[in-house]
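Student: Below is final_15.txt; it holds compact mmCIF, C-alpha atoms.
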```
# COMPACT_ATOMS: atom_id res chain seq x y z
CA MET A 822 -16.97 62.62 -70.24
CA ALA A 823 -14.75 62.03 -67.24
CA GLU A 824 -15.94 63.50 -64.01
CA SER A 825 -14.69 63.42 -60.46
CA PRO A 826 -16.88 61.97 -57.73
CA GLU A 827 -15.58 64.66 -55.40
CA PRO A 828 -14.91 68.40 -55.90
CA GLN A 829 -11.25 69.25 -56.48
CA PRO A 830 -9.48 72.24 -54.89
CA GLN A 831 -9.01 75.00 -57.40
CA GLY A 832 -5.46 75.77 -58.53
CA ARG A 833 -3.86 72.64 -57.08
CA PRO A 834 -2.58 69.79 -59.25
CA HIS A 835 -4.32 66.48 -58.60
CA ALA A 836 -2.60 63.11 -58.22
CA VAL A 837 -4.44 59.80 -57.97
CA VAL A 838 -2.57 56.94 -56.30
CA ALA A 839 -3.80 53.41 -57.03
CA GLY A 840 -2.83 51.35 -54.00
CA SER A 841 -2.31 52.15 -50.32
CA GLY A 842 0.86 50.20 -49.66
CA ILE A 843 4.09 51.65 -48.31
CA GLY A 844 5.27 53.17 -51.61
CA GLY A 845 1.90 54.60 -52.60
CA LEU A 846 1.35 56.22 -49.21
CA THR A 847 4.88 57.64 -49.16
CA ALA A 848 4.34 59.22 -52.58
CA ALA A 849 0.98 60.57 -51.44
CA VAL A 850 2.48 62.24 -48.36
CA ALA A 851 5.44 63.66 -50.28
CA LEU A 852 3.20 65.13 -52.99
CA HIS A 853 0.74 66.47 -50.41
CA GLN A 854 3.59 68.27 -48.67
CA ARG A 855 4.53 69.83 -52.01
CA GLY A 856 1.05 71.27 -52.46
CA TRP A 857 -0.64 68.59 -54.54
CA HIS A 858 -4.20 67.44 -53.92
CA VAL A 859 -3.94 63.65 -53.55
CA THR A 860 -6.53 60.89 -53.73
CA VAL A 861 -5.48 57.37 -52.72
CA LEU A 862 -7.71 54.61 -54.10
CA GLU A 863 -7.57 51.25 -52.32
CA ARG A 864 -9.33 48.19 -53.70
CA ALA A 865 -9.69 46.51 -50.30
CA ALA A 866 -12.46 47.42 -47.89
CA ALA A 867 -9.88 48.64 -45.37
CA VAL A 868 -6.23 49.70 -45.38
CA GLU A 869 -4.46 46.58 -44.20
CA ALA A 870 -0.78 45.75 -43.88
CA VAL A 871 -0.25 42.57 -45.86
CA GLY A 872 2.60 40.59 -44.35
CA ALA A 873 4.35 40.69 -41.00
CA GLY A 874 7.60 42.60 -40.49
CA ILE A 875 9.67 44.86 -42.69
CA GLY A 876 13.30 45.86 -42.38
CA LEU A 877 14.02 49.54 -42.91
CA ALA A 878 17.66 50.16 -43.79
CA PRO A 879 19.32 53.58 -43.46
CA ASN A 880 18.41 54.47 -47.05
CA GLY A 881 14.76 54.05 -46.07
CA HIS A 882 15.19 56.30 -43.02
CA HIS A 883 16.96 58.93 -45.12
CA ALA A 884 14.05 58.91 -47.56
CA LEU A 885 11.54 59.23 -44.74
CA ASP A 886 13.51 62.21 -43.39
CA VAL A 887 12.09 64.16 -46.33
CA ILE A 888 8.54 63.81 -45.04
CA GLY A 889 9.46 64.20 -41.38
CA LEU A 890 9.27 60.55 -40.38
CA GLY A 891 12.89 59.45 -40.24
CA GLU A 892 13.60 60.09 -36.57
CA GLU A 893 10.25 58.61 -35.55
CA ILE A 894 11.19 55.39 -37.35
CA ARG A 895 14.77 55.31 -36.01
CA GLU A 896 13.36 55.35 -32.49
CA LEU A 897 11.78 51.97 -33.24
CA ALA A 898 15.17 50.30 -33.64
CA ALA A 899 15.41 47.27 -31.35
CA TRP A 900 18.74 45.78 -32.45
CA GLN A 901 21.51 46.75 -30.06
CA GLY A 902 24.72 44.74 -29.99
CA ASP A 903 25.96 41.86 -32.12
CA GLY A 904 24.38 39.61 -34.71
CA GLY A 905 25.19 38.03 -38.03
CA MET A 906 24.92 34.91 -40.14
CA ARG A 907 24.91 31.33 -38.83
CA SER A 908 24.77 27.74 -40.01
CA PRO A 909 21.88 25.45 -38.92
CA SER A 910 24.13 23.99 -36.20
CA GLY A 911 24.53 27.47 -34.72
CA ARG A 912 28.08 28.15 -35.89
CA TRP A 913 28.65 31.81 -36.74
CA LEU A 914 29.61 32.34 -40.38
CA ALA A 915 29.83 36.13 -40.27
CA ARG A 916 29.48 38.63 -37.47
CA THR A 917 28.36 42.23 -37.46
CA SER A 918 26.90 44.73 -35.02
CA SER A 919 24.31 47.46 -34.85
CA SER A 920 26.97 50.07 -34.17
CA ALA A 921 28.98 48.98 -37.24
CA ALA A 922 25.88 49.30 -39.44
CA THR A 923 25.11 52.75 -38.04
CA GLU A 924 28.69 53.90 -38.52
CA ARG A 925 28.96 52.61 -42.07
CA PHE A 926 25.58 53.73 -43.42
CA GLY A 927 24.52 56.60 -41.21
CA GLY A 928 21.68 54.85 -39.40
CA PRO A 929 20.48 51.62 -37.80
CA LEU A 930 18.53 48.72 -39.22
CA VAL A 931 14.95 49.02 -37.95
CA LEU A 932 12.56 46.07 -37.93
CA VAL A 933 8.92 47.12 -37.65
CA HIS A 934 5.56 45.52 -38.25
CA ARG A 935 4.14 46.62 -41.58
CA ALA A 936 0.97 47.79 -39.86
CA THR A 937 3.02 50.15 -37.69
CA LEU A 938 4.81 51.66 -40.67
CA ILE A 939 1.66 52.06 -42.75
CA ASP A 940 -0.17 53.70 -39.85
CA ARG A 941 2.69 56.17 -39.28
CA ILE A 942 2.82 57.19 -42.95
CA ALA A 943 -0.96 57.37 -43.45
CA ALA A 944 -1.31 59.58 -40.35
CA ARG A 945 0.46 62.36 -42.30
CA LEU A 946 -2.32 62.55 -44.89
CA PRO A 947 -5.46 64.70 -44.51
CA GLU A 948 -8.57 62.87 -43.43
CA GLY A 949 -10.48 61.46 -46.38
CA THR A 950 -7.42 61.16 -48.65
CA VAL A 951 -7.56 57.35 -48.66
CA ARG A 952 -10.76 55.89 -50.14
CA THR A 953 -11.19 52.18 -49.49
CA GLY A 954 -13.38 49.84 -51.50
CA SER A 955 -12.37 51.80 -54.61
CA PRO A 956 -10.68 49.68 -57.28
CA ALA A 957 -9.15 51.83 -59.99
CA THR A 958 -8.77 50.94 -63.66
CA LEU A 959 -6.59 53.03 -65.94
CA ALA A 960 -8.84 54.26 -68.74
CA ASP A 961 -6.33 56.68 -70.29
CA PRO A 962 -2.67 57.20 -69.26
CA GLY A 963 -2.92 60.78 -70.49
CA ALA A 964 -0.39 62.77 -72.45
CA ALA A 965 2.41 64.40 -70.49
CA GLY A 966 2.11 67.65 -72.38
CA GLY A 967 -1.62 67.55 -72.97
CA ARG A 968 -4.71 65.63 -71.88
CA PRO A 969 -5.09 64.44 -68.28
CA ALA A 970 -4.99 60.82 -67.24
CA VAL A 971 -8.28 59.11 -66.42
CA VAL A 972 -9.04 56.29 -63.99
CA THR A 973 -12.36 54.50 -63.70
CA THR A 974 -13.76 53.80 -60.23
CA PRO A 975 -17.12 52.53 -58.91
CA GLY A 976 -17.98 56.14 -58.10
CA GLY A 977 -17.20 57.46 -61.58
CA ASP A 978 -14.23 58.46 -63.70
CA ILE A 979 -11.53 60.70 -62.25
CA GLU A 980 -9.33 62.99 -64.30
CA ALA A 981 -5.90 63.67 -62.84
CA ASP A 982 -2.72 65.55 -63.64
CA LEU A 983 -0.87 62.43 -62.48
CA VAL A 984 -1.78 58.78 -61.87
CA ILE A 985 0.55 56.64 -59.74
CA GLY A 986 0.38 52.88 -60.15
CA ALA A 987 1.31 51.52 -56.72
CA ASP A 988 -0.80 48.41 -57.16
CA GLY A 989 1.79 45.75 -56.41
CA ILE A 990 3.56 42.93 -58.18
CA ASN A 991 0.50 41.93 -60.24
CA SER A 992 -0.06 45.54 -61.25
CA ALA A 993 -2.89 46.13 -63.70
CA MET A 994 -1.44 49.60 -64.27
CA ARG A 995 1.84 48.07 -65.45
CA ARG A 996 0.05 45.75 -67.86
CA ALA A 997 -1.90 48.70 -69.25
CA LEU A 998 1.25 50.75 -69.81
CA PHE A 999 3.52 47.95 -71.03
CA PRO A 1000 1.35 45.12 -72.38
CA ASP A 1001 4.30 43.39 -74.09
CA HIS A 1002 6.40 43.09 -70.95
CA PRO A 1003 6.67 39.47 -69.71
CA GLY A 1004 5.78 40.47 -66.14
CA PRO A 1005 6.85 38.76 -62.91
CA VAL A 1006 8.32 35.27 -62.89
CA TYR A 1007 8.77 32.74 -60.09
CA SER A 1008 12.15 33.08 -58.38
CA GLY A 1009 12.29 29.44 -57.29
CA ILE A 1010 11.83 30.12 -53.58
CA THR A 1011 8.87 30.36 -51.25
CA THR A 1012 8.81 32.30 -47.97
CA TRP A 1013 7.19 32.11 -44.54
CA ARG A 1014 6.78 34.96 -42.07
CA VAL A 1015 5.49 35.13 -38.53
CA VAL A 1016 5.39 37.51 -35.57
CA ILE A 1017 5.18 35.84 -32.18
CA PRO A 1018 3.46 37.90 -29.47
CA ALA A 1019 5.42 36.58 -26.50
CA PRO A 1020 9.19 37.05 -26.40
CA VAL A 1021 11.50 34.08 -26.19
CA ALA A 1022 14.71 34.16 -24.14
CA PRO A 1023 17.18 36.81 -25.34
CA PHE A 1024 19.10 35.97 -28.52
CA GLU A 1025 21.40 37.72 -30.95
CA PRO A 1026 19.65 38.66 -34.22
CA HIS A 1027 20.67 36.28 -36.94
CA GLU A 1028 20.05 34.97 -40.42
CA THR A 1029 20.85 31.28 -40.74
CA TRP A 1030 21.69 29.65 -44.09
CA GLY A 1031 21.22 25.94 -44.70
CA ARG A 1032 20.87 23.69 -47.77
CA GLY A 1033 18.49 25.56 -50.06
CA ALA A 1034 16.89 27.29 -47.09
CA LEU A 1035 17.33 30.17 -44.66
CA TRP A 1036 15.83 31.39 -41.42
CA GLY A 1037 15.94 34.84 -39.79
CA SER A 1038 15.04 35.86 -36.22
CA GLN A 1039 14.79 39.55 -35.37
CA PRO A 1040 13.48 41.43 -32.31
CA LEU A 1041 10.87 44.17 -32.60
CA LYS A 1042 10.84 47.26 -30.40
CA ASP A 1043 7.60 46.21 -28.69
CA GLY A 1044 9.17 42.97 -27.44
CA ARG A 1045 7.72 40.68 -30.09
CA VAL A 1046 9.90 38.63 -32.44
CA TYR A 1047 9.69 38.76 -36.23
CA ALA A 1048 10.88 35.62 -37.97
CA TYR A 1049 11.12 34.77 -41.65
CA ALA A 1050 12.14 31.74 -43.62
CA ALA A 1051 12.73 30.83 -47.26
CA ALA A 1052 13.32 27.59 -49.11
CA VAL A 1053 13.62 26.20 -52.61
CA ALA A 1054 10.21 24.76 -53.49
CA PRO A 1055 7.88 24.33 -56.47
CA ALA A 1056 5.52 27.24 -57.07
CA GLY A 1057 2.06 26.96 -55.58
CA GLY A 1058 2.94 24.46 -52.88
CA ARG A 1059 1.00 24.29 -49.61
CA SER A 1060 1.29 21.95 -46.63
CA ALA A 1061 -1.70 19.67 -46.06
CA ASP A 1062 -1.30 19.88 -42.27
CA GLY A 1063 -0.55 23.60 -42.09
CA GLU A 1064 2.44 25.86 -42.54
CA LYS A 1065 3.53 25.71 -38.90
CA ALA A 1066 3.94 21.96 -39.33
CA GLU A 1067 5.90 22.60 -42.51
CA LEU A 1068 8.25 24.97 -40.67
CA LEU A 1069 8.83 22.36 -37.96
CA ARG A 1070 9.71 19.75 -40.59
CA ARG A 1071 12.12 22.07 -42.38
CA PHE A 1072 13.65 24.02 -39.47
CA GLY A 1073 12.70 22.21 -36.26
CA ASP A 1074 16.20 20.77 -35.76
CA TRP A 1075 18.05 24.04 -36.39
CA HIS A 1076 19.85 25.93 -33.64
CA ASP A 1077 18.12 27.74 -30.79
CA PRO A 1078 15.93 29.87 -30.81
CA VAL A 1079 14.52 28.67 -34.15
CA PRO A 1080 12.48 25.69 -32.85
CA ARG A 1081 11.15 27.72 -29.89
CA ILE A 1082 9.97 30.51 -32.18
CA ILE A 1083 8.13 28.05 -34.41
CA GLU A 1084 6.50 26.39 -31.40
CA ALA A 1085 5.36 29.79 -30.09
CA ALA A 1086 3.70 30.73 -33.40
CA ALA A 1087 -0.05 30.46 -33.80
CA PRO A 1088 -0.75 28.13 -36.75
CA ASP A 1089 -3.12 30.58 -38.44
CA GLN A 1090 -0.56 33.41 -38.25
CA VAL A 1091 2.16 31.72 -40.31
CA LEU A 1092 2.14 33.43 -43.72
CA ARG A 1093 3.43 31.65 -46.82
CA HIS A 1094 4.03 33.31 -50.19
CA ASP A 1095 5.87 32.30 -53.33
CA VAL A 1096 8.45 34.87 -54.40
CA HIS A 1097 8.05 36.36 -57.86
CA HIS A 1098 10.22 39.13 -59.25
CA LEU A 1099 10.52 41.40 -62.29
CA ILE A 1100 13.86 40.07 -63.46
CA THR A 1101 13.30 41.65 -66.89
CA PRO A 1102 13.38 45.43 -66.32
CA LEU A 1103 10.72 47.69 -67.76
CA PRO A 1104 11.76 50.08 -70.56
CA ALA A 1105 10.66 52.99 -68.36
CA PHE A 1106 8.59 53.59 -65.24
CA HIS A 1107 6.15 55.97 -66.90
CA ARG A 1108 4.04 56.67 -69.94
CA GLY A 1109 2.02 59.83 -70.50
CA ARG A 1110 0.87 61.11 -67.10
CA THR A 1111 0.95 57.68 -65.47
CA VAL A 1112 3.89 56.36 -63.45
CA LEU A 1113 4.75 53.16 -61.58
CA LEU A 1114 6.52 52.64 -58.28
CA GLY A 1115 7.35 49.90 -55.81
CA ASP A 1116 6.61 46.28 -56.73
CA ALA A 1117 4.57 47.43 -59.72
CA ALA A 1118 7.80 48.79 -61.20
CA HIS A 1119 10.58 46.56 -59.85
CA ALA A 1120 9.44 43.64 -57.68
CA MET A 1121 12.47 41.91 -56.20
CA ALA A 1122 13.37 38.89 -54.10
CA PRO A 1123 13.43 39.71 -50.37
CA THR A 1124 17.00 38.47 -49.88
CA MET A 1125 18.38 41.99 -49.35
CA GLY A 1126 15.33 43.34 -47.55
CA GLN A 1127 15.13 46.23 -50.01
CA GLY A 1128 11.64 45.95 -51.51
CA GLY A 1129 9.97 48.34 -49.08
CA ASN A 1130 12.99 50.62 -48.89
CA GLN A 1131 13.06 51.04 -52.66
CA ALA A 1132 9.33 51.78 -52.74
CA ILE A 1133 9.86 54.53 -50.17
CA GLU A 1134 12.75 55.93 -52.20
CA ASP A 1135 10.50 55.88 -55.28
CA GLY A 1136 7.83 57.98 -53.61
CA ILE A 1137 10.32 60.58 -52.39
CA VAL A 1138 12.21 60.86 -55.69
CA LEU A 1139 8.96 61.09 -57.67
CA ALA A 1140 7.71 64.01 -55.59
CA HIS A 1141 11.12 65.67 -55.85
CA HIS A 1142 10.87 65.72 -59.65
CA LEU A 1143 7.25 66.92 -59.63
CA PRO A 1144 7.15 70.17 -57.65
CA ASP A 1145 4.00 71.08 -59.60
CA ALA A 1146 2.01 69.95 -62.63
CA GLY A 1147 3.67 72.43 -64.95
CA ASP A 1148 6.05 70.01 -66.64
CA VAL A 1149 5.00 66.45 -65.93
CA ALA A 1150 6.89 65.14 -68.96
CA THR A 1151 10.26 66.37 -67.71
CA GLY A 1152 9.55 65.26 -64.14
CA LEU A 1153 8.52 61.73 -65.03
CA ALA A 1154 11.44 61.31 -67.42
CA ALA A 1155 13.81 62.41 -64.65
CA TYR A 1156 12.16 59.99 -62.22
CA SER A 1157 12.60 57.05 -64.64
CA ALA A 1158 16.20 58.06 -65.31
CA ASP A 1159 16.94 58.16 -61.58
CA ARG A 1160 15.13 55.05 -60.47
CA LEU A 1161 15.39 52.53 -63.31
CA PRO A 1162 19.17 51.90 -63.15
CA ARG A 1163 19.27 51.78 -59.35
CA THR A 1164 16.35 49.42 -58.89
CA THR A 1165 17.40 47.19 -61.79
CA GLY A 1166 20.75 46.66 -60.11
CA ILE A 1167 19.14 45.81 -56.78
CA VAL A 1168 16.65 43.41 -58.40
CA ARG A 1169 19.57 41.55 -60.00
CA LYS A 1170 21.67 41.55 -56.83
CA SER A 1171 18.73 40.22 -54.83
CA ALA A 1172 18.23 37.47 -57.42
CA ASN A 1173 21.92 36.53 -57.22
CA ILE A 1174 21.72 36.22 -53.45
CA ALA A 1175 18.57 34.09 -53.81
CA ARG A 1176 20.52 31.76 -56.10
CA LEU A 1177 23.37 31.58 -53.57
CA MET A 1178 20.89 30.73 -50.82
CA SER A 1179 19.34 28.07 -53.06
CA VAL A 1180 22.50 25.94 -53.20
CA ARG A 1181 21.63 22.43 -51.95
CA SER A 1182 24.49 20.02 -52.63
CA ALA A 1183 26.66 19.35 -49.59
CA PRO A 1184 29.98 20.29 -51.29
CA ALA A 1185 28.54 23.53 -52.66
CA VAL A 1186 27.05 24.47 -49.28
CA ALA A 1187 30.38 23.73 -47.56
CA LEU A 1188 32.23 25.91 -50.07
CA ARG A 1189 29.68 28.71 -49.69
CA ASP A 1190 29.91 28.62 -45.91
CA THR A 1191 33.71 28.60 -46.00
CA VAL A 1192 33.81 31.62 -48.28
CA MET A 1193 31.30 33.44 -46.07
CA THR A 1194 33.34 32.65 -42.98
CA LEU A 1195 36.64 33.79 -44.48
CA ALA A 1196 35.18 36.94 -46.02
CA GLY A 1197 32.59 37.81 -43.42
CA PHE A 1198 34.23 37.71 -40.00
CA GLY A 1199 34.46 41.37 -39.13
CA PRO A 1200 31.60 43.87 -39.12
CA GLY A 1201 32.90 45.93 -42.05
CA LEU A 1202 33.27 42.99 -44.42
CA ALA A 1203 29.86 41.56 -43.51
CA LEU A 1204 28.18 44.86 -44.39
CA ARG A 1205 29.85 45.44 -47.74
CA THR A 1206 26.98 43.78 -49.59
CA PHE A 1207 24.94 46.90 -48.85
CA ASP A 1208 27.50 49.48 -49.97
CA ASP A 1209 25.96 51.91 -52.49
CA ILE A 1210 22.50 50.72 -51.39
CA ALA A 1211 22.01 51.42 -47.68
CA ASP A 1212 24.05 54.65 -47.80
CA TRP A 1213 21.76 56.27 -50.40
CA LEU A 1214 20.74 59.87 -49.70
CA PRO A 1215 17.64 61.68 -51.02
CA PRO A 1216 18.05 64.28 -53.77
CA GLN A 1217 17.20 67.17 -51.45
CA ARG A 1218 18.19 68.43 -48.04
CA THR A 1219 15.95 67.50 -45.14
CA TYR A 1220 15.40 68.51 -41.55
CA ALA A 1221 17.99 65.85 -40.66
CA ALA A 1222 20.50 66.95 -43.32
CA GLY A 1223 22.90 68.79 -41.01
CA ALA A 1224 23.39 65.87 -38.64
CA ARG A 1225 23.44 63.41 -41.51
CA ASP A 1226 26.02 65.41 -43.48
CA ARG A 1227 28.32 65.39 -40.46
CA GLN A 1228 27.77 61.65 -40.14
CA VAL A 1229 28.64 61.10 -43.81
CA ARG A 1230 31.80 63.17 -43.51
CA ASP A 1231 32.82 61.14 -40.45
CA GLN A 1232 32.13 57.91 -42.38
CA GLN A 1233 34.23 59.06 -45.31
CA ALA A 1234 37.12 60.04 -43.04
CA HIS A 1235 36.95 56.73 -41.22
CA GLN A 1236 36.91 54.73 -44.48
CA ALA A 1237 39.87 56.72 -45.82
CA GLN A 1238 41.91 55.70 -42.78
CA ARG A 1239 41.22 51.97 -43.24
```
Would you give me this structure, written as structure tokens?
Tutor:
Amino acid sequence: MAESPEPQPQGRPHAVVAGSGIGGLTAAVALHQRGWHVTVLERAAAVEAVGAGIGLAPNGHHALDVIGLGEEIRELAAWQGDGGMRSPSGRWLARTSSSAATERFGGPLVLVHRATLIDRIAARLPEGTVRTGSPATLADPGAAGGRPAVVTTPGGDIEADLVIGADGINSAMRRALFPDHPGPVYSGITTWRVVIPAPVAPFEPHETWGRGALWGSQPLKDGRVYAYAAAVAPAGGRSADGEKAELLRRFGDWHDPVPRIIEAAAPDQVLRHDVHHLITPLPAFHRGRTVLLGDAAHAMAPTMGQGGNQAIEDGIVLAHHLPDAGDVATGLAAYSADRLPRTTGIVRKSANIARLMSVRSAPAVALRDTVMTLAGFGPGLALRTFDDIADWLPPQRTYAAGARDRQVRDQQAHQAQR
């Protein structure tokens, strides 16, 4: 018989979240604020932010407005002024600005360290909600109109009205729900990320595209610099003399400040990860009383910076459709119907951009750069890639709704005049 290793509050529906990443914690906070009792189970011995920086687009801020975090995150915006896309020689291919992004999408682009974001979200949960060193295995997905779901943990089995699989790209929850799905596949690119503690001389934020490779340099609010790189490479590759040396070989002759950022990086702080994605969409994001979100549901290439934003959206939309445990079947079906088409489109768009970045022949690169230059000079044109993505709004009014609604009306009026 399933039993809980901790007493559950009477009369409150219980949700178990497997995974303490950005999406899982967002869902936990949103459900907690709607009156659910929430238990977050984390396999690791401590809640740690895997990775370096994360870009939060306006759609991410709008989602966080629902749980009272949007303004707090907007205040972390460091980008003020111009930026855009460059070639390795330093030539600007497309220009944009922070004010143009704010005007078009109703908010700025905010670059934060993942640890900062996770800490801010987790702080909104009651003490003891997150239990580390607690791997969770789905024993029974439950029946939406009947039996509860059951997860197995080292401390015993837990019955729940809802189980949320937020256990990442290699999700065991996904395999349990959809064993015939092919799962994630290698995208063809590998990535590097680093945060340097000491600032370099001022520079305009940029993403630089070369032959089968790109580099991005972005300031953080605390004065540090977050940099990321990607390149076409065989899966599983590692540099014998370290990843900093690999970055110098690949990007050391690119425009300033790229070489200086690499030189300032500590060798043991350069992170390298192959990029896998769920290019084949799942048939649904739920089964029974168990539901998936974030990378477990729709892992995508990082070329649009939307992975974390979509996980946050997932958590907010899920809680919106589950005001209580009375009709889990209807709520989960509505969540899948909302999220599956949107995330599938963004997964595919991210994959298309990854393929465009992967071009390596000189004529193809020259053609790509020419098209980007002709189409991208001008802030509005450079931002169009994110139309219908960054301007997403949550399915409910928030504390920021009044100001945001005025902003949206101003945007619409401005676009109508163009």
Student: Compile a residue-level contact table for range 884-978 of chain A against range 1017-1039 of chain A at a cut-off of 10 Å, reporting for every qualifying residue the shortest atom pair and its distance in Å to one decimal, with all atoms listed in the file counted, rows ordered by chain and ascending number, as CSV.
Tutor:
```
residue,atom,partner,partner_atom,distance
A:Ala899,CA,A:Gln1039,CA,8.7
A:Trp900,CA,A:Pro1026,CA,7.4
A:Gln901,CA,A:Glu1025,CA,9.1
A:Gly902,CA,A:Glu1025,CA,7.8
A:Asp903,CA,A:Glu1025,CA,6.3
A:Gly904,CA,A:Pro1026,CA,4.8
A:Gly905,CA,A:His1027,CA,5.0
A:Met906,CA,A:Glu1028,CA,4.9
A:Arg907,CA,A:Thr1029,CA,4.5
A:Ser908,CA,A:Thr1029,CA,5.3
A:Pro909,CA,A:Gly1031,CA,5.8
A:Ser910,CA,A:Thr1029,CA,9.2
A:Gly911,CA,A:Thr1029,CA,8.0
A:Arg912,CA,A:Thr1029,CA,9.3
A:Trp913,CA,A:Thr1029,CA,8.8
A:Leu914,CA,A:Thr1029,CA,8.8
A:Ala915,CA,A:His1027,CA,9.7
A:Arg916,CA,A:His1027,CA,9.1
A:Thr917,CA,A:His1027,CA,9.7
A:Ser918,CA,A:Pro1026,CA,9.5
A:Ser919,CA,A:Pro1026,CA,10.0
A:Val931,CA,A:Gln1039,CA,9.8
A:Leu932,CA,A:Gln1039,CA,7.4
A:Val933,CA,A:Gln1039,CA,9.8
```
Student: Go ahead and compute the interatomic distance for CA of Gly889 in chain A and CA of Asp1209 in chain A, in Å to one decimal.
Tutor: 23.4 Å
Student: Could you check how far CA of Ser1171 in chain A sits from CA of Pro1123 in chain A, in Å to one decimal?
Tutor: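 If I compute the distance from CA of Ser1171 in chain A to CA of Pro1123 in chain A, I get 6.9 Å.
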Student: Report, as lines of an AutoDock Vina configuration file, the axis-aligned box around all atoms of range 949-968 of chain A present in the file, extended by 8 Å on each side; give centre and edge lengths in Å to one decimal place.
Tutor:
```
center_x = -5.5
center_y = 58.7
center_z = -59.7
size_x = 31.8
size_y = 34.0
size_z = 42.6
```
Student: So how far away is CA of Ala1052 in chain A from CA of Trp1013 in chain A, in Å?
Tutor: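 According to the coordinates, CA of Trp1013 in chain A and CA of Ala1052 in chain A are separated by 8.9 Å.
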Student: Using only C-alpha atoms, find all polymer residues with an atom at most 9 Å away from the point (9.8, 44.6, -58.0); report them as a PyMOL selection string.
Tutor: chain A and resi 989-990+1005+1097-1100+1114-1122+1128+1131-1132+1164-1165+1168
Student: Using the selection just defined, write its residues with C-alpha atoms as a PDB file, keeping the file's coordinate frame.
Tutor:
```pdb
ATOM      1  CA  GLY A 989       1.790  45.750 -56.410  1.00  0.00           C
ATOM      2  CA  ILE A 990       3.560  42.930 -58.180  1.00  0.00           C
ATOM      3  CA  PRO A1005       6.850  38.760 -62.910  1.00  0.00           C
ATOM      4  CA  HIS A1097       8.050  36.360 -57.860  1.00  0.00           C
ATOM      5  CA  HIS A1098      10.220  39.130 -59.250  1.00  0.00           C
ATOM      6  CA  LEU A1099      10.520  41.400 -62.290  1.00  0.00           C
ATOM      7  CA  ILE A1100      13.860  40.070 -63.460  1.00  0.00           C
ATOM      8  CA  LEU A1114       6.520  52.640 -58.280  1.00  0.00           C
ATOM      9  CA  GLY A1115       7.350  49.900 -55.810  1.00  0.00           C
ATOM     10  CA  ASP A1116       6.610  46.280 -56.730  1.00  0.00           C
ATOM     11  CA  ALA A1117       4.570  47.430 -59.720  1.00  0.00           C
ATOM     12  CA  ALA A1118       7.800  48.790 -61.200  1.00  0.00           C
ATOM     13  CA  HIS A1119      10.580  46.560 -59.850  1.00  0.00           C
ATOM     14  CA  ALA A1120       9.440  43.640 -57.680  1.00  0.00           C
ATOM     15  CA  MET A1121      12.470  41.910 -56.200  1.00  0.00           C
ATOM     16  CA  ALA A1122      13.370  38.890 -54.100  1.00  0.00           C
ATOM     17  CA  GLY A1128      11.640  45.950 -51.510  1.00  0.00           C
ATOM     18  CA  GLN A1131      13.060  51.040 -52.660  1.00  0.00           C
ATOM     19  CA  ALA A1132       9.330  51.780 -52.740  1.00  0.00           C
ATOM     20  CA  THR A1164      16.350  49.420 -58.890  1.00  0.00           C
ATOM     21  CA  THR A1165      17.400  47.190 -61.790  1.00  0.00           C
ATOM     22  CA  VAL A1168      16.650  43.410 -58.400  1.00  0.00           C
TER      23      VAL A1168
END
```
Student: Taking (23.4, 41.0, -52.5) in the coordinates of the supplied file, I want to know which residues reach to within 9 Å of it, counting only C-alpha atoms; could you give the answer as a list in words?
Tutor: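 Output of the proximity query reads Thr1124, Met1125, Ile1167, Arg1169, Lys1170, Ser1171, Ala1172, Asn1173, Ile1174, Ala1175, Thr1206 and Phe1207 of chain A.
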Student: Please determine, counting only C-alpha atoms, which residue among A:Thr1101, A:Ser920, A:Gln854, A:Ser1157 has the shortest atom-to-atom distance to Ile888 in chain A.
Tutor: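 Distance minimum relative to Ile888 in chain A lands on A:Gln854.
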Student: Using all atoms listed in the file, which residue out of A:Ile1210, A:Val1046, A:Ile939, A:Ala1187 lies closest to Gly1166 in chain A?
Tutor: A:Ile1210
Student: Counting all atoms listed in the file, figure out which residue out of A:Val868, A:Ile985, A:Ala1185, A:Val951 gets nearest to Gly1136 in chain A.
Tutor: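 Checking each candidate against Gly1136 in chain A, we get A:Ile985 as the closest.
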Student: Of the candidates A:Arg952, A:Arg1108, A:Arg968, A:Arg925, which one gets nearest to Gly986 in chain A if we count only C-alpha atoms?
Tutor: A:Arg1108
Student: For range 955-959 of chain A, find every residue with an atom within 7 Å (counting all atoms listed in the file), except residues of its own chain fewer than 3 positions away, and show them as a ChimeraX atom specification.
Tutor: /A:839,862-864,952,962,971-975,994
Student: Using all atoms listed in the file, find the one residue out of A:Ala1087, A:Leu852, A:Val859, A:Ala1211 that sits nearest to Pro929 in chain A.
Tutor: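 The shortest atom-to-atom distance to Pro929 in chain A comes from A:Ala1211.
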Student: Which residue out of A:Val887, A:Val1192, A:Arg1070, A:Ala965 has the minimum interatomic distance to Gly1147 in chain A when only C-alpha atoms are used?
Tutor: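 Using only C-alpha atoms, the shortest distance to Gly1147 in chain A belongs to A:Ala965.
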